[in-house]
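**Q** target_36.pdb (PDB, C-alpha atoms, pLDDT in the B column) pasted underneath:
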```pdb
ATOM      1  CA  THR A   1       0.000   0.000   0.000  1.00 95.00           C
ATOM      2  CA  GLY A   2       1.808   3.092  -1.274  1.00 97.00           C
ATOM      3  CA  ASN A   3       4.527   3.725  -3.850  1.00 98.00           C
ATOM      4  CA  ALA A   4       7.129   1.103  -4.738  1.00 98.00           C
ATOM      5  CA  VAL A   5      10.736   1.422  -5.912  1.00 98.00           C
ATOM      6  CA  ILE A   6      12.044  -1.937  -7.099  1.00 98.00           C
ATOM      7  CA  GLY A   7      15.756  -2.072  -7.788  1.00 97.00           C
ATOM      8  CA  GLY A   8      16.405  -5.788  -7.448  1.00 98.00           C
ATOM      9  CA  ALA A   9      14.840  -8.901  -8.951  1.00 98.00           C
ATOM     10  CA  ILE A  10      11.730 -10.285  -7.257  1.00 98.00           C
ATOM     11  CA  THR A  11      11.019 -14.029  -7.339  1.00 98.00           C
ATOM     12  CA  GLY A  12       9.062 -16.553  -5.307  1.00 96.00           C
ATOM     13  CA  LEU A  13       5.951 -14.429  -4.744  1.00 97.00           C
ATOM     14  CA  THR A  14       2.432 -15.625  -5.404  1.00 98.00           C
ATOM     15  CA  THR A  15       0.808 -12.236  -6.132  1.00 98.00           C
ATOM     16  CA  LEU A  16       2.080  -8.665  -6.172  1.00 98.00           C
ATOM     17  CA  SER A  17      -0.083  -5.562  -5.820  1.00 98.00           C
ATOM     18  CA  VAL A  18       1.074  -1.934  -5.693  1.00 98.00           C
ATOM     19  CA  SER A  19      -1.537   0.710  -4.839  1.00 98.00           C
ATOM     20  CA  GLY A  20       0.659   3.701  -5.694  1.00 98.00           C
ATOM     21  CA  THR A  21       3.290   4.424  -8.312  1.00 98.00           C
ATOM     22  CA  SER A  22       5.904   1.827  -9.307  1.00 98.00           C
ATOM     23  CA  SER A  23       9.516   2.373 -10.331  1.00 98.00           C
ATOM     24  CA  ILE A  24      10.738  -0.895 -11.829  1.00 98.00           C
ATOM     25  CA  GLY A  25      14.461  -1.400 -12.251  1.00 98.00           C
ATOM     26  CA  ALA A  26      14.581  -5.198 -12.309  1.00 98.00           C
ATOM     27  CA  ASN A  27      12.600  -8.263 -13.356  1.00 98.00           C
ATOM     28  CA  ILE A  28       9.577  -9.449 -11.366  1.00 98.00           C
ATOM     29  CA  THR A  29       8.280 -13.030 -11.325  1.00 98.00           C
ATOM     30  CA  THR A  30       5.110 -14.195  -9.572  1.00 98.00           C
ATOM     31  CA  SER A  31       3.198 -17.452  -9.786  1.00 98.00           C
ATOM     32  CA  SER A  32      -0.101 -15.548 -10.023  1.00 98.00           C
ATOM     33  CA  THR A  33      -1.169 -11.968 -10.789  1.00 98.00           C
ATOM     34  CA  GLN A  34       0.594  -8.627 -10.659  1.00 98.00           C
ATOM     35  CA  GLY A  35      -1.403  -5.401 -10.284  1.00 98.00           C
ATOM     36  CA  TYR A  36      -0.028  -1.878 -10.623  1.00 98.00           C
ATOM     37  CA  THR A  37      -2.628   0.769  -9.755  1.00 98.00           C
ATOM     38  CA  GLY A  38      -0.526   3.906 -10.114  1.00 98.00           C
ATOM     39  CA  ALA A  39       1.789   5.103 -12.854  1.00 98.00           C
ATOM     40  CA  MET A  40       4.634   2.734 -13.722  1.00 98.00           C
ATOM     41  CA  THR A  41       8.144   3.845 -14.722  1.00 98.00           C
ATOM     42  CA  LEU A  42      10.817   1.531 -16.128  1.00 98.00           C
ATOM     43  CA  THR A  43      14.310   2.495 -15.016  1.00 98.00           C
ATOM     44  CA  GLY A  44      17.738   1.595 -16.339  1.00 96.00           C
ATOM     45  CA  SER A  45      19.716   2.269 -19.498  1.00 94.00           C
ATOM     46  CA  SER A  46      18.471   0.511 -22.640  1.00 96.00           C
ATOM     47  CA  ALA A  47      17.496  -2.441 -20.463  1.00 98.00           C
ATOM     48  CA  THR A  48      14.723  -5.014 -20.818  1.00 98.00           C
ATOM     49  CA  ARG A  49      12.371  -5.356 -17.863  1.00 98.00           C
ATOM     50  CA  THR A  50      10.409  -8.621 -17.667  1.00 98.00           C
ATOM     51  CA  LEU A  51       7.171  -9.005 -15.723  1.00 98.00           C
ATOM     52  CA  GLN A  52       6.162 -12.653 -15.459  1.00 98.00           C
ATOM     53  CA  GLY A  53       2.882 -13.863 -13.996  1.00 98.00           C
ATOM     54  CA  THR A  54      -0.547 -15.134 -14.944  1.00 98.00           C
ATOM     55  CA  THR A  55      -1.979 -11.652 -15.633  1.00 98.00           C
ATOM     56  CA  ILE A  56      -0.173  -8.309 -15.422  1.00 98.00           C
ATOM     57  CA  THR A  57      -2.554  -5.361 -14.955  1.00 98.00           C
ATOM     58  CA  ALA A  58      -1.322  -1.794 -15.471  1.00 98.00           C
ATOM     59  CA  SER A  59      -4.196   0.452 -14.409  1.00 98.00           C
ATOM     60  CA  SER A  60      -2.359   3.697 -15.147  1.00 98.00           C
ATOM     61  CA  THR A  61       0.371   4.896 -17.485  1.00 98.00           C
ATOM     62  CA  ILE A  62       3.666   3.196 -18.285  1.00 98.00           C
ATOM     63  CA  ALA A  63       6.727   5.371 -19.013  1.00 98.00           C
ATOM     64  CA  GLY A  64       9.464   3.293 -20.582  1.00 97.00           C
ATOM     65  CA  GLY A  65      12.477   5.539 -20.142  1.00 97.00           C
ATOM     66  CA  ALA A  66      13.930   4.095 -23.389  1.00 97.00           C
ATOM     67  CA  ASN A  67      13.804   0.589 -21.907  1.00 98.00           C
ATOM     68  CA  SER A  68      12.023  -2.475 -23.307  1.00 98.00           C
ATOM     69  CA  LEU A  69       9.152  -4.290 -21.605  1.00 98.00           C
ATOM     70  CA  THR A  70       8.501  -8.023 -21.866  1.00 98.00           C
ATOM     71  CA  ILE A  71       5.337  -9.413 -20.307  1.00 98.00           C
ATOM     72  CA  THR A  72       5.336 -13.179 -19.909  1.00 98.00           C
ATOM     73  CA  GLY A  73       1.673 -13.909 -19.318  1.00 98.00           C
ATOM     74  CA  ASN A  74      -1.508 -11.982 -20.060  1.00 98.00           C
ATOM     75  CA  ALA A  75      -1.504  -8.179 -20.107  1.00 98.00           C
ATOM     76  CA  ILE A  76      -4.155  -5.562 -19.328  1.00 98.00           C
ATOM     77  CA  PHE A  77      -3.190  -2.011 -20.339  1.00 98.00           C
ATOM     78  CA  ASN A  78      -5.593   0.628 -18.999  1.00 98.00           C
ATOM     79  CA  GLY A  79      -3.188   3.569 -19.229  1.00 98.00           C
ATOM     80  CA  ALA A  80      -1.143   4.952 -22.097  1.00 98.00           C
ATOM     81  CA  VAL A  81       2.243   3.360 -22.773  1.00 98.00           C
ATOM     82  CA  THR A  82       5.006   5.701 -23.973  1.00 98.00           C
ATOM     83  CA  GLY A  83       8.800   5.766 -24.068  1.00 97.00           C
ATOM     84  CA  VAL A  84       9.149   1.984 -24.335  1.00 98.00           C
ATOM     85  CA  THR A  85      11.626   0.618 -26.884  1.00 98.00           C
ATOM     86  CA  ASN A  86      10.336  -2.893 -27.635  1.00 98.00           C
ATOM     87  CA  LEU A  87       7.109  -4.293 -26.171  1.00 98.00           C
ATOM     88  CA  SER A  88       6.268  -7.999 -26.124  1.00 98.00           C
ATOM     89  CA  VAL A  89       3.302  -9.860 -24.600  1.00 98.00           C
ATOM     90  CA  SER A  90       3.349 -13.662 -24.619  1.00 98.00           C
ATOM     91  CA  GLY A  91      -0.285 -14.141 -23.562  1.00 98.00           C
ATOM     92  CA  THR A  92      -3.530 -12.319 -24.266  1.00 98.00           C
ATOM     93  CA  THR A  93      -3.712  -8.521 -24.399  1.00 98.00           C
ATOM     94  CA  SER A  94      -6.547  -6.221 -23.342  1.00 98.00           C
ATOM     95  CA  LEU A  95      -5.869  -2.793 -24.835  1.00 98.00           C
ATOM     96  CA  GLY A  96      -7.553   0.004 -22.901  1.00 98.00           C
ATOM     97  CA  ALA A  97      -5.264   2.874 -23.970  1.00 98.00           C
ATOM     98  CA  ASP A  98      -2.858   3.912 -26.715  1.00 98.00           C
ATOM     99  CA  ILE A  99       0.643   2.430 -27.005  1.00 98.00           C
ATOM    100  CA  THR A 100       3.673   4.149 -28.527  1.00 98.00           C
ATOM    101  CA  THR A 101       7.080   2.492 -28.904  1.00 98.00           C
ATOM    102  CA  THR A 102      10.293   3.407 -30.666  1.00 97.00           C
ATOM    103  CA  GLY A 103      10.888  -0.273 -31.443  1.00 97.00           C
ATOM    104  CA  THR A 104       8.793  -3.316 -32.198  1.00 98.00           C
ATOM    105  CA  GLN A 105       5.491  -4.451 -30.707  1.00 98.00           C
ATOM    106  CA  THR A 106       4.683  -8.176 -30.471  1.00 98.00           C
ATOM    107  CA  TYR A 107       1.373  -9.633 -29.328  1.00 98.00           C
ATOM    108  CA  ILE A 108       1.353 -13.442 -29.250  1.00 98.00           C
ATOM    109  CA  GLY A 109      -2.064 -14.179 -27.742  1.00 98.00           C
ATOM    110  CA  ALA A 110      -5.580 -12.989 -28.528  1.00 98.00           C
ATOM    111  CA  PHE A 111      -5.858  -9.190 -28.616  1.00 98.00           C
ATOM    112  CA  THR A 112      -8.972  -7.332 -27.371  1.00 98.00           C
ATOM    113  CA  ILE A 113      -9.685  -3.606 -27.800  1.00 98.00           C
ATOM    114  CA  SER A 114     -11.560  -2.306 -24.755  1.00 98.00           C
ATOM    115  CA  GLY A 115     -13.155   0.908 -23.581  1.00 97.00           C
ATOM    116  CA  GLY A 116     -12.826   2.990 -26.748  1.00 97.00           C
ATOM    117  CA  ASP A 117     -10.923   3.540 -29.993  1.00 98.00           C
ATOM    118  CA  ARG A 118      -7.191   2.839 -29.749  1.00 98.00           C
ATOM    119  CA  VAL A 119      -3.936   3.744 -31.540  1.00 98.00           C
ATOM    120  CA  LEU A 120      -0.741   1.688 -31.767  1.00 98.00           C
ATOM    121  CA  THR A 121       2.393   3.509 -32.937  1.00 98.00           C
ATOM    122  CA  ALA A 122       5.801   1.961 -33.597  1.00 97.00           C
ATOM    123  CA  THR A 123       8.115   4.475 -35.223  1.00 86.00           C
ATOM    124  CA  GLY A 124       9.499   2.721 -38.304  1.00 91.00           C
ATOM    125  CA  ASN A 125       9.308  -0.726 -36.677  1.00 96.00           C
ATOM    126  CA  ALA A 126       7.246  -3.887 -36.984  1.00 97.00           C
ATOM    127  CA  ILE A 127       3.987  -4.616 -35.168  1.00 98.00           C
ATOM    128  CA  LEU A 128       3.114  -8.321 -35.024  1.00 98.00           C
ATOM    129  CA  PHE A 129      -0.191  -9.939 -34.054  1.00 98.00           C
ATOM    130  CA  SER A 130       0.132 -13.724 -33.869  1.00 98.00           C
ATOM    131  CA  SER A 131      -3.491 -14.380 -32.902  1.00 98.00           C
ATOM    132  CA  THR A 132      -6.967 -12.829 -33.232  1.00 98.00           C
ATOM    133  CA  ILE A 133      -8.058  -9.215 -32.757  1.00 98.00           C
ATOM    134  CA  ASN A 134     -11.574  -8.344 -31.525  1.00 98.00           C
ATOM    135  CA  SER A 135     -13.606  -5.577 -29.939  1.00 98.00           C
ATOM    136  CA  ASP A 136     -14.786  -6.228 -26.395  1.00 97.00           C
ATOM    137  CA  ALA A 137     -18.480  -6.792 -27.267  1.00 96.00           C
ATOM    138  CA  THR A 138     -20.933  -6.860 -30.177  1.00 93.00           C
ATOM    139  CA  LEU A 139     -22.597  -3.597 -29.107  1.00 93.00           C
ATOM    140  CA  THR A 140     -19.287  -1.735 -28.710  1.00 95.00           C
ATOM    141  CA  PRO A 141     -17.290  -2.039 -31.934  1.00 95.00           C
ATOM    142  CA  ARG A 142     -13.925  -0.321 -31.451  1.00 97.00           C
ATOM    143  CA  SER A 143     -11.698   1.354 -34.009  1.00 98.00           C
ATOM    144  CA  LEU A 144      -7.996   0.541 -34.294  1.00 98.00           C
ATOM    145  CA  THR A 145      -5.357   2.714 -35.949  1.00 98.00           C
ATOM    146  CA  ILE A 146      -1.881   1.279 -36.471  1.00 98.00           C
ATOM    147  CA  SER A 147       1.051   3.471 -37.481  1.00 96.00           C
ATOM    148  CA  ALA A 148       4.255   1.545 -38.093  1.00 94.00           C
ATOM    149  CA  GLY A 149       5.782   4.038 -40.521  1.00 88.00           C
ATOM    150  CA  SER A 150       8.357   2.172 -42.593  1.00 91.00           C
ATOM    151  CA  GLY A 151       7.788  -0.938 -40.469  1.00 93.00           C
ATOM    152  CA  ASN A 152       5.531  -3.843 -41.355  1.00 96.00           C
ATOM    153  CA  THR A 153       2.268  -4.725 -39.595  1.00 98.00           C
ATOM    154  CA  THR A 154       1.499  -8.454 -39.613  1.00 98.00           C
ATOM    155  CA  PHE A 155      -1.943  -9.911 -38.924  1.00 98.00           C
ATOM    156  CA  SER A 156      -1.671 -13.683 -38.482  1.00 97.00           C
ATOM    157  CA  GLY A 157      -5.106 -14.269 -36.944  1.00 97.00           C
ATOM    158  CA  ALA A 158      -8.645 -13.290 -37.879  1.00 98.00           C
ATOM    159  CA  ILE A 159      -9.770  -9.759 -37.058  1.00 98.00           C
ATOM    160  CA  GLY A 160     -13.328  -9.136 -35.870  1.00 97.00           C
ATOM    161  CA  ALA A 161     -14.478 -12.741 -36.247  1.00 96.00           C
ATOM    162  CA  THR A 162     -16.015 -12.797 -32.742  1.00 97.00           C
ATOM    163  CA  TYR A 163     -16.732  -9.083 -32.171  1.00 96.00           C
ATOM    164  CA  ALA A 164     -16.254  -6.865 -35.222  1.00 96.00           C
ATOM    165  CA  LEU A 165     -14.067  -3.796 -35.111  1.00 97.00           C
ATOM    166  CA  ASN A 166     -15.561  -0.455 -36.106  1.00 96.00           C
ATOM    167  CA  ALA A 167     -12.909   1.076 -38.368  1.00 97.00           C
ATOM    168  CA  LEU A 168      -9.431  -0.256 -39.087  1.00 98.00           C
ATOM    169  CA  ARG A 169      -6.618   1.912 -40.446  1.00 98.00           C
ATOM    170  CA  VAL A 170      -3.064   0.731 -41.078  1.00 98.00           C
ATOM    171  CA  ASN A 171      -0.445   3.317 -41.998  1.00 96.00           C
ATOM    172  CA  GLY A 172       2.388   1.401 -43.627  1.00 94.00           C
ATOM    173  CA  THR A 173       2.886  -2.010 -45.181  1.00 96.00           C
ATOM    174  CA  VAL A 174       0.569  -4.771 -43.937  1.00 97.00           C
ATOM    175  CA  THR A 175       0.760  -8.558 -44.200  1.00 98.00           C
ATOM    176  CA  MET A 176      -2.639 -10.277 -43.931  1.00 97.00           C
ATOM    177  CA  GLY A 177      -2.839 -13.927 -42.952  1.00 97.00           C
ATOM    178  CA  ASP A 178      -6.558 -14.206 -42.145  1.00 97.00           C
ATOM    179  CA  ASN A 179      -9.952 -12.565 -42.648  1.00 97.00           C
ATOM    180  CA  ILE A 180     -10.774  -9.038 -41.460  1.00 97.00           C
ATOM    181  CA  THR A 181     -14.297  -7.976 -40.424  1.00 97.00           C
ATOM    182  CA  THR A 182     -15.311  -4.448 -39.489  1.00 96.00           C
ATOM    183  CA  ALA A 183     -18.594  -2.587 -39.097  1.00 95.00           C
ATOM    184  CA  GLY A 184     -16.986   0.525 -40.565  1.00 95.00           C
ATOM    185  CA  THR A 185     -14.253   1.483 -42.985  1.00 96.00           C
ATOM    186  CA  GLN A 186     -10.946  -0.207 -43.651  1.00 97.00           C
ATOM    187  CA  ASN A 187      -8.015   1.884 -44.864  1.00 98.00           C
ATOM    188  CA  PHE A 188      -4.606   0.544 -45.866  1.00 97.00           C
ATOM    189  CA  THR A 189      -2.134   3.254 -46.892  1.00 95.00           C
ATOM    190  CA  GLY A 190       0.849   1.055 -47.768  1.00 95.00           C
ATOM    191  CA  ASN A 191       1.542  -2.140 -49.657  1.00 96.00           C
ATOM    192  CA  VAL A 192      -0.694  -5.115 -48.831  1.00 97.00           C
ATOM    193  CA  ILE A 193       0.743  -8.639 -48.790  1.00 96.00           C
ATOM    194  CA  ILE A 194      -1.562 -11.674 -48.643  1.00 96.00           C
ATOM    195  CA  SER A 195       0.096 -14.484 -46.686  1.00 93.00           C
ATOM    196  CA  GLY A 196      -0.946 -18.134 -46.793  1.00 79.00           C
ATOM    197  CA  ALA A 197      -4.581 -18.842 -47.692  1.00 86.00           C
ATOM    198  CA  ASN A 198      -7.153 -16.569 -49.305  1.00 94.00           C
ATOM    199  CA  VAL A 199      -8.218 -13.572 -47.216  1.00 96.00           C
ATOM    200  CA  ASN A 200     -11.704 -12.061 -47.048  1.00 96.00           C
ATOM    201  CA  LEU A 201     -12.186  -8.385 -46.160  1.00 96.00           C
ATOM    202  CA  SER A 202     -15.690  -7.490 -44.955  1.00 95.00           C
ATOM    203  CA  SER A 203     -17.063  -4.153 -43.772  1.00 94.00           C
ATOM    204  CA  MET A 204     -20.493  -5.610 -43.009  1.00 90.00           C
ATOM    205  CA  GLY A 205     -19.857  -6.725 -39.428  1.00 86.00           C
ATOM    206  CA  ASN A 206     -22.627  -6.417 -36.836  1.00 79.00           C
ATOM    207  CA  SER A 207     -25.213  -6.751 -39.640  1.00 74.00           C
ATOM    208  CA  GLY A 208     -24.015  -3.530 -41.223  1.00 72.00           C
ATOM    209  CA  THR A 209     -24.734  -2.385 -44.744  1.00 75.00           C
ATOM    210  CA  GLY A 210     -21.109  -2.118 -45.756  1.00 83.00           C
ATOM    211  CA  ALA A 211     -18.528   0.668 -45.661  1.00 93.00           C
ATOM    212  CA  THR A 212     -15.613   1.672 -47.848  1.00 95.00           C
ATOM    213  CA  ILE A 213     -12.422  -0.374 -48.008  1.00 95.00           C
ATOM    214  CA  THR A 214      -9.563   1.752 -49.310  1.00 96.00           C
ATOM    215  CA  PHE A 215      -6.114   0.738 -50.556  1.00 93.00           C
TER     216      PHE A 215
END
```
What is this file in structure tokens?
**A**
Amino acid sequence: TGNAVIGGAITGLTTLSVSGTSSIGANITTSSTQGYTGAMTLTGSSATRTLQGTTITASSTIAGGANSLTITGNAIFNGAVTGVTNLSVSGTTSLGADITTTGTQTYIGAFTISGGDRVLTATGNAILFSSTINSDATLTPRSLTISAGSGNTTFSGAIGATYALNALRVNGTVTMGDNITTAGTQNFTGNVIISGANVNLSSMGNSGTGATITF
């Protein structure tokens, strides 16, 4: 209860909960959940901080300080992420705020957009989705904007198959490996690469009448 400054590795805990701000300068491993209620800051010099547990919940902002963040487990982001170099999540991701990195973003598990429209930015670097992307419910289709600049965005799983997105915009090259369903527009500003099987693009999700798909 209060603020936490963590300068050495933590292991052997079941759960970890911090009610205030967190300054994280080392790796943290728990056998169950980790919850960070206040703003989180990663400290160090071009380091990689690893948070390992069943579910890692960041209820406020994350300031990367030019460090990388690896989450081994599921991740819930409810505050904006900025200043991180590379971001990687091995489990599922619930995206409740915008994320900006100077390096790559990698999302291995199912990806859910929650609470509103979201933006992912990786300045000139790749953004990889290895699984599905959905809104959080049928009645709340969310829009997703991805800006990778000169980097490549890769969709390996279906988008909107369970709960359709509203609008989808990808600024930069995109590789599509599965179907994409939205209730609103789709806009792809860069080259489009179809990977593997045939891909179907639909803007008639949620029983819609169809919207524009622009290349």
**Q** Would you write out, as a ChimeraX atom specification, every residue that the PyMOL selection byres ((chain A and resi 177-189) around 7) captures in this file?
**A** /A:155-161,164-172,175-176,190,194-196,199-206,208,211-215
**Q** Any chance you could work out the residue set of the PyMOL selection byres ((chain A and resi 6) around 6) here, as a PDB file with C-alpha atoms, in the frame of the given file?
**A**
```pdb
ATOM      1  CA  VAL A   5      10.736   1.422  -5.912  1.00 98.00           C
ATOM      2  CA  GLY A   7      15.756  -2.072  -7.788  1.00 97.00           C
ATOM      3  CA  GLY A   8      16.405  -5.788  -7.448  1.00 98.00           C
ATOM      4  CA  SER A  23       9.516   2.373 -10.331  1.00 98.00           C
ATOM      5  CA  ILE A  24      10.738  -0.895 -11.829  1.00 98.00           C
ATOM      6  CA  GLY A  25      14.461  -1.400 -12.251  1.00 98.00           C
TER       7      GLY A  25
END
```
**Q** Go through A:Ala47, A:Ile28, A:Met40, A:Leu95 one by one, measure the shortest atom-to-atom distance of each to A:Ile71 using all atoms listed in the file, and give the residue with the smallest value.
**A** A:Ile28
**Q** Take the point (-3.2, 2.8, -23.8) in the file's coordinates, draw a sphere of radius 9 Å around it, and report as a PDB file with C-alpha atoms, in the coordinates of the input every protein, DNA or RNA residue with an atom inside or on it, counting only C-alpha atoms.
**A**
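Resulting contents of part_3.pdb:
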```
ATOM      1  CA  SER A  60      -2.359   3.697 -15.147  1.00 98.00           C
ATOM      2  CA  THR A  61       0.371   4.896 -17.485  1.00 98.00           C
ATOM      3  CA  ILE A  62       3.666   3.196 -18.285  1.00 98.00           C
ATOM      4  CA  PHE A  77      -3.190  -2.011 -20.339  1.00 98.00           C
ATOM      5  CA  ASN A  78      -5.593   0.628 -18.999  1.00 98.00           C
ATOM      6  CA  GLY A  79      -3.188   3.569 -19.229  1.00 98.00           C
ATOM      7  CA  ALA A  80      -1.143   4.952 -22.097  1.00 98.00           C
ATOM      8  CA  VAL A  81       2.243   3.360 -22.773  1.00 98.00           C
ATOM      9  CA  THR A  82       5.006   5.701 -23.973  1.00 98.00           C
ATOM     10  CA  LEU A  95      -5.869  -2.793 -24.835  1.00 98.00           C
ATOM     11  CA  GLY A  96      -7.553   0.004 -22.901  1.00 98.00           C
ATOM     12  CA  ALA A  97      -5.264   2.874 -23.970  1.00 98.00           C
ATOM     13  CA  ASP A  98      -2.858   3.912 -26.715  1.00 98.00           C
ATOM     14  CA  ILE A  99       0.643   2.430 -27.005  1.00 98.00           C
ATOM     15  CA  THR A 100       3.673   4.149 -28.527  1.00 98.00           C
ATOM     16  CA  ARG A 118      -7.191   2.839 -29.749  1.00 98.00           C
ATOM     17  CA  VAL A 119      -3.936   3.744 -31.540  1.00 98.00           C
ATOM     18  CA  LEU A 120      -0.741   1.688 -31.767  1.00 98.00           C
TER      19      LEU A 120
END
```
**Q** Compare A:Asn152, A:Asn67, A:Thr162, A:Asn3 by their minimum atom-to-atom distance to A:Asn134, counting only C-alpha atoms, and give me the closest one.
**A**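 Among the listed residues, the smallest separation from A:Asn134 belongs to A:Thr162.
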**Q** Take every atom of stretch 19-23 of chain A listed in the file, pad by 5 Å on each side, and give me the axis-aligned box centre and edge lengths in Å, one decimal, as JSON.
**A**
```
{"center_x": 4.0, "center_y": 2.6, "center_z": -7.6, "size_x": 21.1, "size_y": 13.7, "size_z": 15.5}
```
